[in-house]
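Peer 1: Just dropping this structure here.
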Amino acid sequence: MTTPRMMLAAASSGSGKTTVACAILQALKNRGLNGVSFKCGPDYIDPMFHQQSLGIPSRNLDLFFANEKTTRYLLQKNSMGKDFAFIEGVMGYYDGIATTSTASSWHLAKATGTPSVLVVNCRGMSVSIAAQIGGYLSYEKDSMVRGVILNQISKSLYPEIKALIEEKYHITVCGYMPKMTDCSLESRHLGLVTAAEISDLNQRLEKLGAQAEQSIDLDALLKIAATASELSQETIFIPQKSAIPLKIGVAKDKAFSFYYEDNLDLLRELGAELVFFSPLTDALPQHLDGLMIGGGYPELYAAQLAQNQLVRTQLKEELDKGLPCIAECGGFQYLQQELEAKEGGLFPMVGFLQGKSWRTDSLKRFGYVNLTAQQDNLLCNAGESFPAHEFHYWDSEITGETFTAQKPLRKSNWKCVVAHNDFWCGYPHLYFYSNPQMAKNFLNRCESYHVRREGENNE
C-alpha cells in the first residue's frame with residue numbers, strides 16, 4: 001500500500017483534535033483531493049463528523065478489537081485508490097488499555113507505520129508548550145511524531161512558539177488553529193452531539209476549512225503523510241458468502257446511529273442486503289430475514305419512539321416469530337418494556353424483552369471487555385470469547401447472564417447479554433472483524449429463518 005497517510009493525535013482528550021481534524025479534512029477536500037478517514041478506538045461519533053467533511057463513510061481502527069494484521073488489512077482495503085488516508089487518534093497519544101499503551105494511538109501508528117502529527121492545546125501556556133511536546137517526543141524511542149499543530153493559540157504568539165519548538169526539537173510545526181467559538185462541536189453525556197443534530201454543520205466545516213487553509217501548512221502535512229512506510233498486502237479469513245440473498249433490516253436514524261461501518265460492509269460482503277429504516281417514523285420493512293438495532297440516543301427520543309406504535313407492534317410480532325436480531329446498547333433498551341427519557345418519565349417500548357431501562361448519574365461498566373459465552377447463542381458457542389466495548393449512562397433491570405464480561409488487565413467482571421439461538425441483546429457493542437465467524441453465524445441463522453418463512457408462505 002502506497003497511499004500517503006498520517007495520524008492526527010493529541011496530548012489528551014479535549015485538546016480539540018476532532019475540530020482540527022475536520023478543518024484539515026475539509027481543507028484537503030477543498031483542494032480536490034480524494035481522501036478516506038479513520039478513527040482510532042471504539043468511537044462512533046467522531047467518524048460522523050469526518051463523513052460530513054469528506055462525504056464518504058469514516059471507519060474505525062482498533063487494536064483491542066482486532067489484531068495488527070487485521071487492522072492493516074482494513075487500512076489497506078479502505079484506502080485503495082485514495083489520494084490520502086487520515087487517522088484521528090483517541091484520548092492521549094500513549095493512553096491504551098489500563099495503564100499500558102496497548103491499543104493506544106501510538107500503538108496504531110507503530111503497527112501501521114503511520115507518521116503522527118500532535119495537536120497541542122495551548123490555552124494557558126507559552127514556553128510550557130515546548131516542554132509538553134518534548135515529553136511526548138522522548139517517552140518512546142520512536143514516538144512516530146513527525147509534526148505538531150498548535151491549537152487555540154493566538155496569531156501573534158504562534159511565530160515565537162513555532163521557532164522555539166523547531167529550534168529545540170528539530171520537528172516541523174505545521175501551523176495553528178485559533179480559538180473559534182462559533183465553530184465548536186457541542187458535547188453531551190456520550191461525547192459530542194452527532195453530526196446530524198447540528199443544523200449549520202456544513203457552514204461550520206467550511207469556516208474551519210477556510211481557517212485551515214490560512215493557518216495550517218497543508219503541504220507540510222502531505223509531505224509528512226508521504227513518508228508513511230509501505231504496507232505489504234495482508235489477507236485474513238473471511239467466511240464463505242451466504243448461498244441465499246438475505247435481507248437485513250438496520251434501524252438507523254437520530255435515535256439509533258452507532259454502527260461500525262466495517263460491520264455493515266462485512267455483512268454485505270457475506271451476502272446481505274441492508275435495508276435501513278427509522279423506528280422514529282417508519283413501518284418495519286417487509287420480508288426481512290434478520291434485524292440489527294444499534295446503539296445511539298433513544299433516551300432523547302423516547303416519546304417519539306413510543307408514539308410510533310405501528311413499528312413497535314410489528315417488531316414484537318416478528319421477533320416473537322423468531323426473526324434473528326442483534327440489538328446493542330440503545331437497541332437493547334428499545335426492545336424492553338419501558339425506557340426512561342433523559343428529561344424523565346417512562347415510555348413504552350417494543351416489549352420483546354421484559355424489564356425497563358433508566359437513567360443513572362454516571363457511566364456504567366465503561367470500556368473494553370472480553371466476552372465469554374456461558375451457553376450457545378446466535379453468535380457463538382459456549383466457551384467462545386471475543387472483545388467488545390461498553391459505554392452507557394442508562395442501566396436496566398435485565399442486563400443478562402449469557403456472557404461473562406472481563407475487563408482486560410483488571411479483576412472486574414460481570415454477567416451480561418440476553419441471548420438465545422435467535423437473538424443477541426445487551427449493552428456491549430460488537431466488532432465483527434474481531435471474529436468474522438460471528439457475522440457468518442448471524443447470517444446462517446437468517447438463512448434458516450428465510451427458508452422457514454418462505455416455506456410457510458408457500459403452504
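Identifiers in this document derive from the order of the C-alpha cells: chains are assigned A, B, ..., residues are numbered from 1 separately in each chain, and ligands are numbered from 1 in order of occurrence.
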Step one, run DSSP on the backbone; step two, keep only residues of stretch 97-312 of chain A assigned to helix (DSSP H, G or I); then write them as a count of residues only.

Peer 2: 85

Peer 1: Please provide as a count of residues only all residues within 12 Å of A:Lys162, with the sequence filter that same-chain residues fewer than 5 positions apart are discarded (counting only C-alpha atoms).

Peer 2: 25

Peer 1: Hey, which of A:Ser184, A:Ser357, A:Thr3, A:Asn67 ends up closest to A:Phe386? Count only C-alpha atoms.

Peer 2: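 That would be A:Asn67, the residue with the smallest distance to A:Phe386.
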
Peer 1: List as CSV every residue of stretch 274-393 of chain A that is in contact with stretch 408-418 of chain A, defined as an atom at most 12 Å from one of its atoms (using only C-alpha atoms), together with the nearest atom pair and the distance in Å rounded to one decimal, sorted by chain and then rising number.

Peer 2:
```
residue,atom,partner,partner_atom,distance
A:Cys325,CA,A:Val418,CA,11.4
A:Ile326,CA,A:Val418,CA,10.4
A:Ala327,CA,A:Val418,CA,9.8
A:Glu328,CA,A:Val417,CA,9.3
A:Cys329,CA,A:Val417,CA,9.9
A:Phe332,CA,A:Val418,CA,9.0
A:Gln333,CA,A:Val418,CA,11.5
A:Leu335,CA,A:Val418,CA,11.2
A:Gln336,CA,A:Val418,CA,11.2
A:Phe352,CA,A:Val418,CA,11.4
A:Leu353,CA,A:Val418,CA,8.8
A:Gln354,CA,A:Val418,CA,10.5
A:Gly355,CA,A:Val418,CA,11.8
A:Lys364,CA,A:Trp414,CA,11.7
A:Arg365,CA,A:Trp414,CA,8.9
A:Phe366,CA,A:Ser412,CA,11.2
A:Gly367,CA,A:Pro408,CA,9.4
A:Tyr368,CA,A:Pro408,CA,7.0
A:Val369,CA,A:Pro408,CA,6.1
A:Asn370,CA,A:Pro408,CA,6.8
A:Leu371,CA,A:Cys416,CA,8.7
A:Thr372,CA,A:Lys415,CA,9.6
A:Ala373,CA,A:Val417,CA,9.4
A:Gln374,CA,A:Lys415,CA,9.4
A:Gln375,CA,A:Val418,CA,10.9
A:Asp376,CA,A:Val418,CA,11.8
A:Asn377,CA,A:Val418,CA,9.5
A:Leu378,CA,A:Val418,CA,10.6
A:Leu379,CA,A:Val417,CA,11.7
A:Phe386,CA,A:Pro408,CA,11.8
A:Pro387,CA,A:Pro408,CA,9.4
A:Ala388,CA,A:Pro408,CA,10.7
A:His389,CA,A:Pro408,CA,11.0
A:Glu390,CA,A:Cys416,CA,10.8
```

Peer 1: Write the residues of the selection above to a file with C-alpha atoms, as a PDB file, in the first residue's frame.

Peer 2:
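Wrote it out as selection_38.pdb, contents follow:
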```
ATOM      1  CA  CYS A 325     -31.831  -9.993  15.843  1.00  0.00           C
ATOM      2  CA  ILE A 326     -28.737  -8.240  17.180  1.00  0.00           C
ATOM      3  CA  ALA A 327     -29.549  -5.306  19.488  1.00  0.00           C
ATOM      4  CA  GLU A 328     -26.728  -3.328  21.090  1.00  0.00           C
ATOM      5  CA  CYS A 329     -26.959  -0.865  23.984  1.00  0.00           C
ATOM      6  CA  PHE A 332     -31.243  -3.393  23.640  1.00  0.00           C
ATOM      7  CA  GLN A 333     -33.098  -0.787  25.700  1.00  0.00           C
ATOM      8  CA  LEU A 335     -36.591  -3.864  22.874  1.00  0.00           C
ATOM      9  CA  GLN A 336     -37.512  -3.756  26.569  1.00  0.00           C
ATOM     10  CA  PHE A 352     -39.928  -8.136  23.357  1.00  0.00           C
ATOM     11  CA  LEU A 353     -37.711  -8.268  26.466  1.00  0.00           C
ATOM     12  CA  GLN A 354     -39.015  -7.966  29.996  1.00  0.00           C
ATOM     13  CA  GLY A 355     -37.868  -5.062  32.165  1.00  0.00           C
ATOM     14  CA  LYS A 364     -21.825   2.094  33.873  1.00  0.00           C
ATOM     15  CA  ARG A 365     -19.369  -0.734  33.126  1.00  0.00           C
ATOM     16  CA  PHE A 366     -17.383   1.594  30.884  1.00  0.00           C
ATOM     17  CA  GLY A 367     -14.692   0.492  28.442  1.00  0.00           C
ATOM     18  CA  TYR A 368     -13.238  -2.548  26.733  1.00  0.00           C
ATOM     19  CA  VAL A 369     -14.284  -6.039  27.811  1.00  0.00           C
ATOM     20  CA  ASN A 370     -13.645  -9.611  26.747  1.00  0.00           C
ATOM     21  CA  LEU A 371     -16.916 -11.555  26.485  1.00  0.00           C
ATOM     22  CA  THR A 372     -17.048 -15.312  27.100  1.00  0.00           C
ATOM     23  CA  ALA A 373     -20.237 -17.199  26.249  1.00  0.00           C
ATOM     24  CA  GLN A 374     -21.784 -19.272  29.033  1.00  0.00           C
ATOM     25  CA  GLN A 375     -24.127 -21.009  26.592  1.00  0.00           C
ATOM     26  CA  ASP A 376     -24.639 -21.488  22.851  1.00  0.00           C
ATOM     27  CA  ASN A 377     -26.270 -18.442  21.243  1.00  0.00           C
ATOM     28  CA  LEU A 378     -26.897 -16.599  17.988  1.00  0.00           C
ATOM     29  CA  LEU A 379     -23.260 -15.507  17.534  1.00  0.00           C
ATOM     30  CA  PHE A 386     -14.396 -12.144  21.702  1.00  0.00           C
ATOM     31  CA  PRO A 387     -13.695  -8.463  22.541  1.00  0.00           C
ATOM     32  CA  ALA A 388     -16.407  -5.832  22.906  1.00  0.00           C
ATOM     33  CA  HIS A 389     -16.993  -2.387  24.367  1.00  0.00           C
ATOM     34  CA  GLU A 390     -19.492  -0.765  26.766  1.00  0.00           C
TER      35      GLU A 390
END
```

Peer 1: List the neighbours of A:Glu340 out to 7 Å using only C-alpha atoms; skip same-chain residues closer than 6 positions along the sequence, and give me the result as a list in words.

Peer 2: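 Within the cut-off, the hits are Glu299, Leu346, Phe347, Ser357, Trp358 and Arg359 of chain A.
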
Peer 1: What's around A:Leu221 at 9 Å? Count only C-alpha atoms, leave out sequence neighbours fewer than 4 positions away in its own chain, and write the answer as a PyMOL selection string.

Peer 2: chain A and resi 6+117+147+174+216-217+225-226

Peer 1: I need the residues of stretch 231-430 of chain A that end up classed as strand (DSSP E or B) by DSSP on the backbone, written out as a PyMOL selection string.

Peer 2: chain A and resi 246-251+256-258+272-277+290-293+295-296+325-328+338-340+346-348+356-373+385-396+400+403-406+413-419+423-426+429

Peer 1: Within 12 Å of A:Pro324, counting only C-alpha atoms, which residues qualify if same-chain residues fewer than 3 places away don't, as a CSV table (one decimal) with N, CA and C atoms, in the first residue's frame?

Peer 2:
```csv
chain,number,residue,atom,x,y,z
A,246,LEU,N,-30.0,-12.4,1.4
A,246,LEU,CA,-30.6,-12.2,2.7
A,246,LEU,C,-30.9,-10.7,2.8
A,247,LYS,N,-32.0,-10.4,3.4
A,247,LYS,CA,-32.5,-9.0,3.6
A,247,LYS,C,-32.4,-8.7,5.1
A,248,ILE,N,-31.5,-7.8,5.5
A,248,ILE,CA,-31.3,-7.5,6.9
A,248,ILE,C,-31.8,-6.1,7.2
A,249,GLY,N,-32.8,-5.9,8.0
A,249,GLY,CA,-33.2,-4.6,8.4
A,249,GLY,C,-32.3,-3.9,9.4
A,288,LEU,N,-38.2,-9.3,5.9
A,288,LEU,CA,-36.8,-9.3,6.5
A,288,LEU,C,-36.4,-10.7,6.9
A,289,ASP,N,-35.1,-11.0,6.8
A,289,ASP,CA,-34.5,-12.3,7.2
A,289,ASP,C,-33.7,-12.1,8.5
A,290,GLY,N,-33.5,-10.8,8.9
A,290,GLY,CA,-32.7,-10.5,10.1
A,290,GLY,C,-32.8,-9.1,10.4
A,291,LEU,N,-32.4,-8.7,11.6
A,291,LEU,CA,-32.6,-7.3,12.1
A,291,LEU,C,-31.4,-6.9,13.0
A,292,MET,N,-30.9,-5.7,12.8
A,292,MET,CA,-29.9,-5.1,13.7
A,292,MET,C,-30.4,-3.7,14.2
A,293,ILE,N,-30.3,-3.5,15.5
A,293,ILE,CA,-30.7,-2.3,16.1
A,293,ILE,C,-29.5,-1.8,16.9
A,315,LEU,N,-42.4,-5.1,15.2
A,315,LEU,CA,-41.1,-5.6,15.7
A,315,LEU,C,-41.4,-6.8,16.7
A,318,GLU,N,-42.7,-9.9,14.9
A,318,GLU,CA,-41.6,-10.6,14.1
A,318,GLU,C,-40.6,-11.2,15.0
A,319,LEU,N,-40.2,-10.6,16.1
A,319,LEU,CA,-39.2,-11.2,17.0
A,319,LEU,C,-39.8,-12.4,17.7
A,320,ASP,N,-41.1,-12.3,18.0
A,320,ASP,CA,-41.7,-13.4,18.7
A,320,ASP,C,-41.8,-14.6,17.7
A,321,LYS,N,-41.8,-14.4,16.4
A,321,LYS,CA,-41.8,-15.5,15.4
A,321,LYS,C,-40.4,-16.1,15.2
A,327,ALA,N,-29.2,-6.6,18.9
A,327,ALA,CA,-29.5,-5.3,19.5
A,327,ALA,C,-28.5,-4.9,20.5
A,377,ASN,N,-25.4,-19.6,21.6
A,377,ASN,CA,-26.3,-18.4,21.2
A,377,ASN,C,-26.2,-18.1,19.8
A,378,LEU,N,-26.8,-17.0,19.4
A,378,LEU,CA,-26.9,-16.6,18.0
A,378,LEU,C,-25.5,-16.4,17.4
A,379,LEU,N,-24.6,-15.9,18.1
A,379,LEU,CA,-23.3,-15.5,17.5
A,379,LEU,C,-22.1,-16.5,17.7
A,419,ALA,N,-29.3,-13.5,25.4
A,419,ALA,CA,-29.1,-14.1,24.1
A,419,ALA,C,-29.7,-15.5,24.1
A,420,HIS,N,-30.1,-16.0,22.9
A,420,HIS,CA,-30.5,-17.3,22.6
A,420,HIS,C,-30.2,-17.6,21.2
A,421,ASN,N,-30.8,-18.7,20.6
A,421,ASN,CA,-30.4,-19.0,19.2
A,421,ASN,C,-30.8,-18.0,18.2
A,422,ASP,N,-31.9,-17.2,18.5
A,422,ASP,CA,-32.4,-16.2,17.5
A,422,ASP,C,-32.1,-14.8,17.9
A,423,PHE,N,-31.5,-14.5,19.0
A,423,PHE,CA,-31.3,-13.1,19.3
A,423,PHE,C,-30.1,-12.9,20.2
A,424,TRP,N,-29.5,-11.7,20.1
A,424,TRP,CA,-28.3,-11.3,20.9
A,424,TRP,C,-28.6,-9.9,21.3
A,425,CYS,N,-28.9,-9.6,22.6
A,425,CYS,CA,-29.3,-8.3,23.1
A,425,CYS,C,-28.6,-7.9,24.3
A,439,ALA,N,-20.3,-12.8,12.4
A,439,ALA,CA,-21.2,-12.3,11.4
A,439,ALA,C,-21.8,-13.4,10.6
A,441,ASN,N,-22.3,-16.6,11.5
A,441,ASN,CA,-23.2,-17.3,12.4
A,441,ASN,C,-24.6,-16.6,12.4
A,442,PHE,N,-24.5,-15.3,12.5
A,442,PHE,CA,-25.8,-14.5,12.4
A,442,PHE,C,-26.5,-14.7,11.1
A,443,LEU,N,-25.8,-14.6,10.0
A,443,LEU,CA,-26.4,-14.8,8.7
A,443,LEU,C,-26.8,-16.3,8.5
A,444,ASN,N,-26.1,-17.2,9.0
A,444,ASN,CA,-26.6,-18.6,8.9
A,444,ASN,C,-28.0,-18.8,9.6
A,445,ARG,N,-28.2,-18.1,10.7
A,445,ARG,CA,-29.5,-18.2,11.3
A,445,ARG,C,-30.5,-17.4,10.5
A,446,CYS,N,-30.1,-16.3,9.9
A,446,CYS,CA,-31.0,-15.6,9.0
A,446,CYS,C,-31.4,-16.5,7.8
A,447,GLU,N,-30.5,-17.3,7.3
A,447,GLU,CA,-30.8,-18.2,6.2
A,447,GLU,C,-31.9,-19.2,6.6
A,448,SER,N,-31.7,-19.8,7.8
A,448,SER,CA,-32.7,-20.7,8.3
A,448,SER,C,-34.0,-20.1,8.5
A,449,TYR,N,-34.1,-18.9,9.0
A,449,TYR,CA,-35.3,-18.2,9.1
A,449,TYR,C,-36.0,-17.9,7.7
A,450,HIS,N,-35.1,-17.5,6.8
A,450,HIS,CA,-35.6,-17.2,5.4
A,450,HIS,C,-36.3,-18.5,4.8
```

Peer 1: Find the residues near A:Asp83: any atom within 8 Å, counting only C-alpha atoms, skip ones fewer than 4 places away on the same chain, and give them as an MDAnalysis selection string.

Peer 2: chainID A and resid 3:4 33:35

Peer 1: Write the residues of the preceding selection, restricted to C-alpha atoms, as a short mmCIF file (atom, residue, chain, number, x, y, z; two decimals), in the first residue's frame.

Peer 2:
```cif
data_model
loop_
_atom_site.label_atom_id
_atom_site.label_comp_id
_atom_site.auth_asym_id
_atom_site.auth_seq_id
_atom_site.Cartn_x
_atom_site.Cartn_y
_atom_site.Cartn_z
CA THR A 3 -1.42 5.71 -0.18
CA PRO A 4 0.01 8.66 1.79
CA LEU A 33 -8.09 15.59 -3.02
CA ASN A 34 -9.96 12.30 -2.66
CA GLY A 35 -9.34 11.06 0.86
#
```

Peer 1: Report as a ChimeraX atom specification all protein, DNA and RNA residues lying within 8 Å of stretch 260-265 of chain A, evaluated on only C-alpha atoms, omitting residues in the same chain fewer than 3 positions from it.

Peer 2: /A:44,57-60,268-269,274,431-433

Peer 1: What separation in Å, quoted to one decimal, exists between atom CA of A:Lys77 and atom CA of A:Glu230?

Peer 2: 13.9 Å

Peer 1: So the first atom is atom CA of A:Lys342 and the second is atom CA of A:Ala196; what is the distance between them in Å, to one decimal place?

Peer 2: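 Computed distance, atom CA of A:Lys342 to atom CA of A:Ala196, equals 18.9 Å.
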
Peer 1: My list of candidates is A:Asp46, A:Glu140, A:Glu68, A:Glu456. Which is closest to A:Ile87 when distances are computed with only C-alpha atoms?

Peer 2: A:Asp46

Peer 1: May I ask which of the residues A:Pro178, A:Gly113, A:Pro298, A:Pro245 is the closest one to A:Thr227, counting only C-alpha atoms?

Peer 2: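 With only C-alpha atoms as the atom set, the closest residue is A:Gly113.
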
Peer 1: State, in Å with one decimal place, the distance from atom CA of A:Gln437 to atom CA of A:Phe38.

Peer 2: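 Separation of atom CA of A:Gln437 and atom CA of A:Phe38: 23.7 Å.
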
Peer 1: Using only C-alpha atoms, which of A:His107, A:Lys440, A:Lys179, A:Arg5 sits nearest A:Phe64?

Peer 2: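 Nearest to A:Phe64: A:His107.
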